[in-house]
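Enquirer: This is the structure I want to talk about, given as structure tokens.
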Amino acid sequence: MTDAITQALAEVGPRLKRVRTQRRVTLADLSAATGISKSTLSRLESGQRKPSLELLLPIAQAHQVPLDELVGAPEVGDPRVRLTARRIPRHNGAAMTVLPLTRQPGAPQAFKMILEPETGEPDPQVHEGYEWLYVLSGRLRLILADRDMTLGPGEAAEFDTRLPHWFGAVGGRPAEILSLFGKQGERLHLRAKSR
């Protein structure tokens, strides 16, 4: 058992007594409400008896308090994910800010990207994988093999990254996109089929 759990268990008895006395409830009243003997309740409050769910649940119900209030359960970790954005230089002096949205290695990766407008000629690249792009704001130029297209907010594209490709912001403003990328070349989303 961790120190935090041991400490929380040691504080249950005094907490039970405090809750009962603040409500001006006698041991006899609590015994009648819970069906637990007065001697058992007294030993729980003094720490001479270990608390169990079978004992604590009826007490919490009688006092109409959450079980956590009686037990003083240790706080769980913060569920928020703290992500760190990185600024990555691109050619022609422009840069992109990349915020990883996933942390599992090997699985498809999700990123939010802000692409600064670039000047000069695009430089298409190839690599293993499959990518899906969704434009949140701005305009995104996508060159994919021999196709050259511009996507606006709400538009998406998906492609095999083994094809020569390049994408960047156009129109003199940054483009904000979501990107899903799988290194293994898997398709990243399913299309619904009609019945």
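Each chain of the structure tokens is named A, B, ... in the order shown, its residues numbered from 1; ligands are numbered from 1 in display order.
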May I have the residues within 9 Å of region 17-26 of chain A as a PDB file with C-alpha atoms, in the first residue's frame, using only C-alpha atoms and disregarding those fewer than 4 positions away in the same chain?
Expert:
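Contents of the output file out.pdb:
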ATOM      1  CA  VAL A  12     -11.394   7.454   7.954  1.00  0.00           C
ATOM      2  CA  GLY A  13     -12.282   6.964  11.642  1.00  0.00           C
ATOM      3  CA  LEU A  30     -26.728   5.863  13.156  1.00  0.00           C
ATOM      4  CA  SER A  31     -26.947   2.234  14.245  1.00  0.00           C
ATOM      5  CA  SER A  42     -17.585   3.205  17.743  1.00  0.00           C
ATOM      6  CA  LEU A  44     -14.665   2.359  13.242  1.00  0.00           C
ATOM      7  CA  GLU A  45     -14.562   5.931  14.554  1.00  0.00           C
ATOM      8  CA  SER A  46     -11.721   5.186  16.976  1.00  0.00           C
ATOM      9  CA  HIS A  63     -25.507  10.717   6.074  1.00  0.00           C
ATOM     10  CA  LEU A  70     -15.994   9.667   4.178  1.00  0.00           C
TER      11      LEU A  70
END
Enquirer: Using only C-alpha atoms, which residues of region 103-127 of chain A come within 6 Å of region 164-182 of chain A, and what is the closest atom pair for each, with the distance in Å to one decimal? Give it as CSV, sorted by chain and residue number.
Expert:
residue,atom,partner,partner_atom,distance
A:Pro108,CA,A:Gly182,CA,4.3
A:Gln109,CA,A:Phe181,CA,5.1
A:Ala110,CA,A:Leu180,CA,4.5
A:Phe111,CA,A:Ser179,CA,5.1
A:Lys112,CA,A:Leu178,CA,4.6
A:Met113,CA,A:Ile177,CA,5.3
A:Ile114,CA,A:Glu176,CA,4.4
A:Leu115,CA,A:Ala175,CA,5.2
A:Glu116,CA,A:Pro174,CA,4.5
A:Pro117,CA,A:Ala169,CA,4.6
A:Pro124,CA,A:His165,CA,4.6
A:Gln125,CA,A:Pro164,CA,5.1
A:Val126,CA,A:Pro164,CA,4.9
Enquirer: Would you pick out the contacts of Thr150 (chain A) at 7 Å or less, using only C-alpha atoms, so that residues sharing its chain but fewer than 3 positions from it are not included, and give the list as a list in words?
Expert: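 The neighbour list is Arg139, Leu140, Arg141 and Leu142 of chain A.
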Enquirer: Can you pull out every residue from chain A that DSSP, working from the backbone, puts in helix (DSSP H, G or I), and format the result as a short mmCIF file (atom, residue, chain, number, x, y, z; two decimals) with N, CA and C atoms, in the first residue's frame?
Expert:
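The result, stored in selection.cif:
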data_model
loop_
_atom_site.label_atom_id
_atom_site.label_comp_id
_atom_site.auth_asym_id
_atom_site.auth_seq_id
_atom_site.Cartn_x
_atom_site.Cartn_y
_atom_site.Cartn_z
N ASP A 3 1.89 5.24 0.78
CA ASP A 3 1.75 6.09 1.95
C ASP A 3 0.44 6.88 1.91
N ALA A 4 0.05 7.34 0.72
CA ALA A 4 -1.18 8.13 0.58
C ALA A 4 -2.40 7.29 0.95
N ILE A 5 -2.42 6.04 0.54
CA ILE A 5 -3.55 5.16 0.85
C ILE A 5 -3.57 4.83 2.35
N THR A 6 -2.40 4.52 2.90
CA THR A 6 -2.32 4.24 4.34
C THR A 6 -2.80 5.44 5.15
N GLN A 7 -2.37 6.63 4.76
CA GLN A 7 -2.79 7.86 5.45
C GLN A 7 -4.29 8.08 5.32
N ALA A 8 -4.84 7.86 4.12
CA ALA A 8 -6.28 8.04 3.90
C ALA A 8 -7.08 7.08 4.77
N LEU A 9 -6.62 5.81 4.87
CA LEU A 9 -7.32 4.83 5.71
C LEU A 9 -7.26 5.21 7.18
N ALA A 10 -6.13 5.76 7.63
CA ALA A 10 -5.98 6.17 9.03
C ALA A 10 -6.91 7.32 9.38
N VAL A 12 -9.98 7.79 8.13
CA VAL A 12 -11.39 7.45 7.95
C VAL A 12 -12.15 7.55 9.28
N GLY A 13 -11.60 6.96 10.34
CA GLY A 13 -12.28 6.96 11.64
C GLY A 13 -12.60 8.37 12.13
N PRO A 14 -11.59 9.26 12.26
CA PRO A 14 -11.88 10.62 12.68
C PRO A 14 -12.86 11.34 11.75
N ARG A 15 -12.78 11.04 10.46
CA ARG A 15 -13.69 11.68 9.50
C ARG A 15 -15.13 11.20 9.73
N LEU A 16 -15.30 9.91 10.01
CA LEU A 16 -16.64 9.36 10.30
C LEU A 16 -17.24 10.05 11.53
N LYS A 17 -16.42 10.19 12.57
CA LYS A 17 -16.91 10.82 13.81
C LYS A 17 -17.26 12.28 13.56
N ARG A 18 -16.41 12.99 12.82
CA ARG A 18 -16.65 14.41 12.53
C ARG A 18 -17.96 14.59 11.75
N VAL A 19 -18.19 13.77 10.71
CA VAL A 19 -19.42 13.86 9.91
C VAL A 19 -20.63 13.60 10.80
N ARG A 20 -20.54 12.57 11.66
CA ARG A 20 -21.67 12.21 12.52
C ARG A 20 -21.97 13.31 13.53
N THR A 21 -20.92 13.84 14.18
CA THR A 21 -21.16 14.87 15.21
C THR A 21 -21.60 16.20 14.60
N GLN A 22 -21.10 16.54 13.41
CA GLN A 22 -21.56 17.77 12.75
C GLN A 22 -23.05 17.70 12.42
N LEU A 27 -24.60 7.68 18.05
CA LEU A 27 -24.25 6.34 17.59
C LEU A 27 -25.50 5.46 17.52
N ALA A 28 -26.42 5.64 18.47
CA ALA A 28 -27.66 4.84 18.47
C ALA A 28 -28.50 5.17 17.24
N ASP A 29 -28.61 6.44 16.90
CA ASP A 29 -29.38 6.84 15.70
C ASP A 29 -28.75 6.28 14.43
N LEU A 30 -27.42 6.38 14.35
CA LEU A 30 -26.73 5.86 13.16
C LEU A 30 -26.85 4.35 13.07
N SER A 31 -26.79 3.69 14.22
CA SER A 31 -26.95 2.23 14.25
C SER A 31 -28.33 1.83 13.74
N ALA A 32 -29.36 2.57 14.17
CA ALA A 32 -30.73 2.28 13.72
C ALA A 32 -30.88 2.52 12.22
N ALA A 33 -30.22 3.55 11.70
CA ALA A 33 -30.35 3.89 10.28
C ALA A 33 -29.57 2.94 9.38
N THR A 34 -28.47 2.37 9.89
CA THR A 34 -27.61 1.54 9.03
C THR A 34 -27.71 0.05 9.31
N LYS A 38 -23.77 -0.40 17.45
CA LYS A 38 -23.12 0.79 18.02
C LYS A 38 -21.65 0.50 18.30
N SER A 39 -21.34 -0.70 18.78
CA SER A 39 -19.94 -1.02 19.11
C SER A 39 -19.07 -1.03 17.86
N THR A 40 -19.60 -1.55 16.74
CA THR A 40 -18.85 -1.54 15.48
C THR A 40 -18.63 -0.12 15.00
N LEU A 41 -19.67 0.70 15.08
CA LEU A 41 -19.54 2.11 14.68
C LEU A 41 -18.51 2.82 15.54
N SER A 42 -18.53 2.58 16.83
CA SER A 42 -17.59 3.21 17.74
C SER A 42 -16.15 2.78 17.43
N ARG A 43 -15.94 1.47 17.17
CA ARG A 43 -14.60 0.98 16.83
C ARG A 43 -14.13 1.55 15.49
N LEU A 44 -15.04 1.71 14.52
CA LEU A 44 -14.67 2.36 13.24
C LEU A 44 -14.17 3.78 13.49
N GLU A 45 -14.92 4.54 14.30
CA GLU A 45 -14.56 5.93 14.55
C GLU A 45 -13.25 6.06 15.32
N SER A 46 -12.96 5.10 16.18
CA SER A 46 -11.72 5.19 16.98
C SER A 46 -10.52 4.57 16.25
N LEU A 53 -16.13 -1.57 2.58
CA LEU A 53 -17.26 -1.05 1.80
C LEU A 53 -18.59 -1.44 2.41
N GLU A 54 -18.68 -2.68 2.97
CA GLU A 54 -19.93 -3.14 3.57
C GLU A 54 -20.35 -2.24 4.73
N LEU A 55 -19.37 -1.62 5.38
CA LEU A 55 -19.68 -0.72 6.50
C LEU A 55 -19.82 0.73 6.04
N LEU A 56 -18.96 1.15 5.14
CA LEU A 56 -18.95 2.57 4.74
C LEU A 56 -20.12 2.96 3.84
N LEU A 57 -20.55 2.06 2.97
CA LEU A 57 -21.66 2.41 2.07
C LEU A 57 -22.95 2.74 2.82
N PRO A 58 -23.38 1.92 3.80
CA PRO A 58 -24.60 2.30 4.52
C PRO A 58 -24.43 3.60 5.33
N ILE A 59 -23.23 3.84 5.85
CA ILE A 59 -22.98 5.08 6.60
C ILE A 59 -23.08 6.29 5.67
N ALA A 60 -22.46 6.19 4.49
CA ALA A 60 -22.53 7.28 3.52
C ALA A 60 -23.98 7.54 3.11
N GLN A 61 -24.74 6.46 2.91
CA GLN A 61 -26.15 6.60 2.53
C GLN A 61 -26.96 7.24 3.66
N ALA A 62 -26.71 6.85 4.90
CA ALA A 62 -27.44 7.41 6.03
C ALA A 62 -27.14 8.91 6.19
N HIS A 63 -25.89 9.30 5.96
CA HIS A 63 -25.51 10.72 6.07
C HIS A 63 -25.81 11.49 4.79
N LEU A 67 -19.32 8.69 -0.87
CA LEU A 67 -18.35 7.82 -0.19
C LEU A 67 -16.98 8.50 -0.12
N ASP A 68 -16.61 9.22 -1.18
CA ASP A 68 -15.31 9.91 -1.19
C ASP A 68 -15.16 10.85 0.00
N GLU A 69 -16.25 11.47 0.43
CA GLU A 69 -16.18 12.40 1.55
C GLU A 69 -15.83 11.67 2.84
N LEU A 70 -16.31 10.45 2.98
CA LEU A 70 -15.99 9.67 4.18
C LEU A 70 -14.58 9.10 4.14
N VAL A 71 -14.16 8.71 2.95
CA VAL A 71 -12.87 8.05 2.84
C VAL A 71 -11.73 9.03 2.65
N HIS A 91 11.47 25.53 -46.00
CA HIS A 91 12.33 26.28 -46.92
C HIS A 91 11.73 27.66 -47.21
N ASN A 92 12.51 28.54 -47.73
CA ASN A 92 12.13 29.92 -48.07
C ASN A 92 11.79 30.75 -46.84
N GLY A 93 12.34 30.42 -45.68
CA GLY A 93 12.16 31.23 -44.49
C GLY A 93 10.84 31.06 -43.77
#
Enquirer: Just the number, please: distance in Å from CA of Gly152 (chain A) to CA of Val135 (chain A), one decimal.
Expert: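 CA of Val135 (chain A) lies at a distance of 6.1 Å from CA of Gly152 (chain A).
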Enquirer: Write out as JSON, numbers by chain the residues lying within 8 Å of Arg86 (chain A), counting only C-alpha atoms and excluding same-chain residues fewer than 2 positions away.
Expert: {"A": [84, 88, 97, 98, 99]}
Enquirer: Go through A:Arg87, A:Gln48, A:Lys183, A:Ala95 one by one, measure the shortest atom-to-atom distance of each to His127 (chain A) using only C-alpha atoms, and give the residue with the smallest value.
Expert: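 Checking each candidate against His127 (chain A), we get A:Lys183 as the closest.
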Enquirer: Provide the CA of Tyr130 (chain A) to CA of Phe159 (chain A) distance in Å, to one decimal place.
Expert: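 CA of Phe159 (chain A) lies at a distance of 5.8 Å from CA of Tyr130 (chain A).
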Enquirer: With only C-alpha atoms as the basis for distance, which of A:Gly72, A:Pro100, A:Gly120, A:Gly129 is at the shortest distance from Thr161 (chain A)?
Expert: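 Checking each of A:Gly72, A:Pro100, A:Gly120, A:Gly129 against Thr161 (chain A), counting only C-alpha atoms, the winner is A:Gly129.
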Enquirer: To one decimal in Å, tell me the separation between CA of Leu163 (chain A) and CA of Asp123 (chain A).
Expert: 12.8 Å
Enquirer: Restricting the calculation to only C-alpha atoms, which member of A:Ala157, A:Thr119, A:Met149, A:Arg82 is positioned closest to Leu101 (chain A)?
Expert: A:Arg82
Enquirer: Which parts of region 5-143 of chain A does DSSP call strand (DSSP E or B) when run on the backbone here, written out as an mmCIF file with C-alpha atoms, in the first residue's frame?
Expert:
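Saved result, states-v8.cif, follows:
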data_model
loop_
_atom_site.group_PDB
_atom_site.id
_atom_site.type_symbol
_atom_site.label_atom_id
_atom_site.label_comp_id
_atom_site.auth_asym_id
_atom_site.auth_seq_id
_atom_site.Cartn_x
_atom_site.Cartn_y
_atom_site.Cartn_z
ATOM 1 C CA ARG A 86 7.127 22.921 -31.919
ATOM 2 C CA ARG A 87 8.068 25.488 -34.549
ATOM 3 C CA ILE A 88 9.709 23.785 -37.510
ATOM 4 C CA PRO A 89 11.495 25.813 -40.199
ATOM 5 C CA ALA A 95 7.866 27.797 -40.720
ATOM 6 C CA MET A 96 5.110 25.583 -39.405
ATOM 7 C CA THR A 97 3.959 25.161 -35.843
ATOM 8 C CA VAL A 98 3.166 21.533 -35.048
ATOM 9 C CA LEU A 99 1.129 20.437 -32.039
ATOM 10 C CA PRO A 100 1.065 16.637 -31.616
ATOM 11 C CA GLN A 109 -0.525 10.099 -35.303
ATOM 12 C CA ALA A 110 -2.687 13.236 -35.126
ATOM 13 C CA PHE A 111 -1.303 16.762 -35.408
ATOM 14 C CA LYS A 112 -2.635 20.292 -35.497
ATOM 15 C CA MET A 113 -0.466 22.423 -37.754
ATOM 16 C CA ILE A 114 -0.268 26.106 -38.537
ATOM 17 C CA LEU A 115 1.554 26.673 -41.811
ATOM 18 C CA PRO A 117 2.735 31.193 -46.273
ATOM 19 C CA GLN A 125 8.747 14.773 -51.072
ATOM 20 C CA TYR A 130 -0.736 7.568 -45.546
ATOM 21 C CA GLU A 131 -1.999 11.050 -44.662
ATOM 22 C CA TRP A 132 -5.359 12.709 -44.150
ATOM 23 C CA LEU A 133 -5.548 16.530 -44.015
ATOM 24 C CA TYR A 134 -8.464 18.714 -42.893
ATOM 25 C CA VAL A 135 -8.357 22.493 -43.325
ATOM 26 C CA LEU A 136 -9.587 24.417 -40.277
ATOM 27 C CA SER A 137 -8.815 27.922 -41.540
ATOM 28 C CA ARG A 139 -6.218 28.094 -47.723
ATOM 29 C CA LEU A 140 -3.975 25.091 -48.299
ATOM 30 C CA ARG A 141 -2.236 24.312 -51.568
ATOM 31 C CA LEU A 142 -1.687 20.581 -52.058
ATOM 32 C CA ILE A 143 0.521 19.210 -54.802
#
Enquirer: Ranking A:Leu151, A:Ala145, A:Thr2, A:Glu121 by minimum distance to Arg90 (chain A) and counting only C-alpha atoms, which one comes first?
Expert: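 Among A:Leu151, A:Ala145, A:Thr2, A:Glu121, it is A:Glu121 that comes nearest to Arg90 (chain A).
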Enquirer: Go through A:Arg147, A:Glu11, A:Ala107, A:Pro122 one by one, measure the shortest atom-to-atom distance of each to Lys50 (chain A) using only C-alpha atoms, and give the residue with the smallest value.
Expert: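 Looking at the shortest contact to Lys50 (chain A), the residue is A:Glu11.
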